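K.L.:
Before anything else, here's the structure in question.
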Amino acid sequence: MAQIRIRNTNERIESEDQVLEFLTKQNVLYEHWDASKLPEHVNNKFSLTDEDKNTILSTYDEEIREIAGRRGYKVWDIVALSEATPNLPEILKKFEQVHTHTEDEVRAITAGRGIFIIKGDEQTGYFDVELTVGDVISVPEGQPHFFTLMDNKAIVAVRLFIEPAGWVADPFDDPAFVK
Ligand SMILES: [Fe+2]
């Protein structure tokens, strides 16, 4: 289950109902997929073969097609990051810049953990969404954000896109953002 930290106040939101209410108010989609569906041999594994990735995608085929039909995604894949990923520090450095996209950014976490840092409304400012297995999140189109790993430094997620142009990150230079 996701947890929220509001950066300006250090307030944490940890109850499921309140997390959903907060994210909904910030226009961030928050749903769940059943984490127990994953076959044992791909569970909690971060170096994935193409066959492993296909296993994860077919395990969640119904969920993927449901959300794709509802929200217009046309392509999907698996992203896996861990300390075994070549150039992980460089990849994270690139990720850790506030940016926007021309479409929403959807991730369904199937192993590990990660954080989206998202710019909320004026009153809220930036907040962290700490994600765990089973969490599905969508950062709205045009909403400044970035992603990074947590202490465990490992994550696997399903990504869904409407079109390839949506993958591009447009830098968002925000003097109000403090790391
Ligand atoms: Fe992004």
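Ordering of the structure tokens sets the chain letters (A, B, ...), residue numbers begin anew at 1 in every chain, and ligands are numbered from 1 in the order given.
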Kindly provide the residues of chain A that approach ligand 1 to within 10 Å, each paired with its closest atom pair and their distance in Å to one decimal, based on only C-alpha atoms and all ligand atoms, listed by chain and increasing number, as CSV.
P.N.:
residue,atom,partner,partner_atom_place_in_ligand_line,distance
A:Phe95,CA,ligand 1,1 (Fe),7.7
A:Glu96,CA,ligand 1,1 (Fe),9.4
A:Gln97,CA,ligand 1,1 (Fe),9.0
A:Val98,CA,ligand 1,1 (Fe),8.1
A:His99,CA,ligand 1,1 (Fe),6.2
A:Thr100,CA,ligand 1,1 (Fe),6.1
A:His101,CA,ligand 1,1 (Fe),6.4
A:Thr102,CA,ligand 1,1 (Fe),9.9
A:Glu103,CA,ligand 1,1 (Fe),9.5
A:Asp104,CA,ligand 1,1 (Fe),8.4
A:Glu105,CA,ligand 1,1 (Fe),6.1
A:Val106,CA,ligand 1,1 (Fe),9.1
A:Phe116,CA,ligand 1,1 (Fe),8.8
A:Ile117,CA,ligand 1,1 (Fe),9.8
A:Ile118,CA,ligand 1,1 (Fe),9.7
A:Val139,CA,ligand 1,1 (Fe),8.0
A:Pro140,CA,ligand 1,1 (Fe),9.9
A:Glu141,CA,ligand 1,1 (Fe),9.5
A:Gly142,CA,ligand 1,1 (Fe),9.7
A:Gln143,CA,ligand 1,1 (Fe),9.1
A:Pro144,CA,ligand 1,1 (Fe),8.1
A:His145,CA,ligand 1,1 (Fe),6.2
A:Phe146,CA,ligand 1,1 (Fe),5.5
A:Phe147,CA,ligand 1,1 (Fe),6.7
A:Gly166,CA,ligand 1,1 (Fe),9.3
A:Trp167,CA,ligand 1,1 (Fe),7.8
A:Val168,CA,ligand 1,1 (Fe),8.1
A:Ala169,CA,ligand 1,1 (Fe),6.0
A:Asp170,CA,ligand 1,1 (Fe),8.6
A:Pro171,CA,ligand 1,1 (Fe),9.7
K.L.:
Could you please take those selected residues and save C-alpha atoms as a JSON list (two decimals), in the first residue's frame?
P.N.:
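Result file follows (selection-v7.json):
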[["chain", "number", "residue", "atom", "x", "y", "z"],
["A", 95, "PHE", "CA", 15.42, 10.19, -13.59],
["A", 96, "GLU", "CA", 15.82, 12.56, -10.64],
["A", 97, "GLN", "CA", 15.00, 15.75, -12.54],
["A", 98, "VAL", "CA", 11.57, 17.32, -12.30],
["A", 99, "HIS", "CA", 9.83, 16.88, -15.66],
["A", 100, "THR", "CA", 6.47, 16.53, -17.40],
["A", 101, "HIS", "CA", 5.08, 14.37, -20.20],
["A", 102, "THR", "CA", 2.47, 14.88, -22.89],
["A", 103, "GLU", "CA", 0.59, 11.85, -21.55],
["A", 104, "ASP", "CA", 0.04, 10.41, -18.09],
["A", 105, "GLU", "CA", 2.73, 8.18, -16.57],
["A", 106, "VAL", "CA", 1.36, 4.85, -15.39],
["A", 116, "PHE", "CA", 7.18, 9.29, -7.24],
["A", 117, "ILE", "CA", 7.81, 12.89, -6.19],
["A", 118, "ILE", "CA", 4.89, 14.90, -7.57],
["A", 139, "VAL", "CA", 0.74, 10.82, -12.72],
["A", 140, "PRO", "CA", -1.45, 13.09, -14.86],
["A", 141, "GLU", "CA", -0.32, 14.52, -18.17],
["A", 142, "GLY", "CA", 1.60, 17.77, -17.67],
["A", 143, "GLN", "CA", 1.99, 17.36, -13.90],
["A", 144, "PRO", "CA", 5.62, 17.94, -12.80],
["A", 145, "HIS", "CA", 7.18, 14.89, -11.13],
["A", 146, "PHE", "CA", 10.13, 12.55, -10.99],
["A", 147, "PHE", "CA", 10.80, 8.99, -9.93],
["A", 166, "GLY", "CA", 4.48, 10.05, -24.31],
["A", 167, "TRP", "CA", 7.79, 8.51, -23.22],
["A", 168, "VAL", "CA", 9.66, 11.76, -23.72],
["A", 169, "ALA", "CA", 10.46, 13.74, -20.56],
["A", 170, "ASP", "CA", 10.21, 17.52, -20.88],
["A", 171, "PRO", "CA", 12.40, 19.19, -18.23]]
K.L.:
Which one of A:Glu163, A:Tyr126, A:Leu38, A:Leu149 sits closest to A:Val178 if you count only C-alpha atoms?
P.N.:
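Of the candidates, the smallest distance to A:Val178 is held by A:Tyr126.
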K.L.:
Determine, for each residue of stretch 11-96 of chain A having at least one atom at most 8 Å from an atom of stretch 3-6 of chain A, the closest pair of atoms and their separation in Å to one decimal, counting only C-alpha atoms; order by chain and ascending number, as a tab-separated table.
P.N.:
residue	atom	partner	partner_atom	distance
A:Glu11	CA	A:Ile6	CA	5.3
A:Arg12	CA	A:Arg5	CA	4.5
A:Ile13	CA	A:Ile4	CA	5.0
A:Glu14	CA	A:Gln3	CA	5.0
A:Ser15	CA	A:Gln3	CA	7.7
A:Val19	CA	A:Gln3	CA	6.6
K.L.:
If we count only C-alpha atoms and set the cut-off at 8 Å, which residues sit around A:Leu81, ignoring sequence neighbours fewer than 4 positions away in its own chain? Please answer as a PyMOL selection string.
P.N.:
chain A and resi 46-47+85+88+153-156
K.L.:
Output C-alpha atoms of each residue in that selection to a file, as a PDB file, in the first residue's frame.
P.N.:
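The result, written out as out.pdb:
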ATOM      1  CA  PHE A  46      14.907  -8.051 -10.317  1.00  0.00           C
ATOM      2  CA  SER A  47      17.119  -9.453 -13.070  1.00  0.00           C
ATOM      3  CA  THR A  85      21.362  -2.783 -13.788  1.00  0.00           C
ATOM      4  CA  LEU A  88      22.207   2.467 -12.353  1.00  0.00           C
ATOM      5  CA  LYS A 153      17.312   0.038  -4.701  1.00  0.00           C
ATOM      6  CA  ALA A 154      15.164  -2.370  -6.698  1.00  0.00           C
ATOM      7  CA  ILE A 155      11.856  -2.250  -8.530  1.00  0.00           C
ATOM      8  CA  VAL A 156       9.907  -3.994 -11.266  1.00  0.00           C
TER       9      VAL A 156
END
K.L.:
Using the chain letters and numbers from this document, which residues of stretch 21-68 of chain A does DSSP assign to helix (DSSP H, G or I), as a PyMOL selection string?
P.N.:
chain A and resi 21-25+35-37+40-42+50-59+61-68
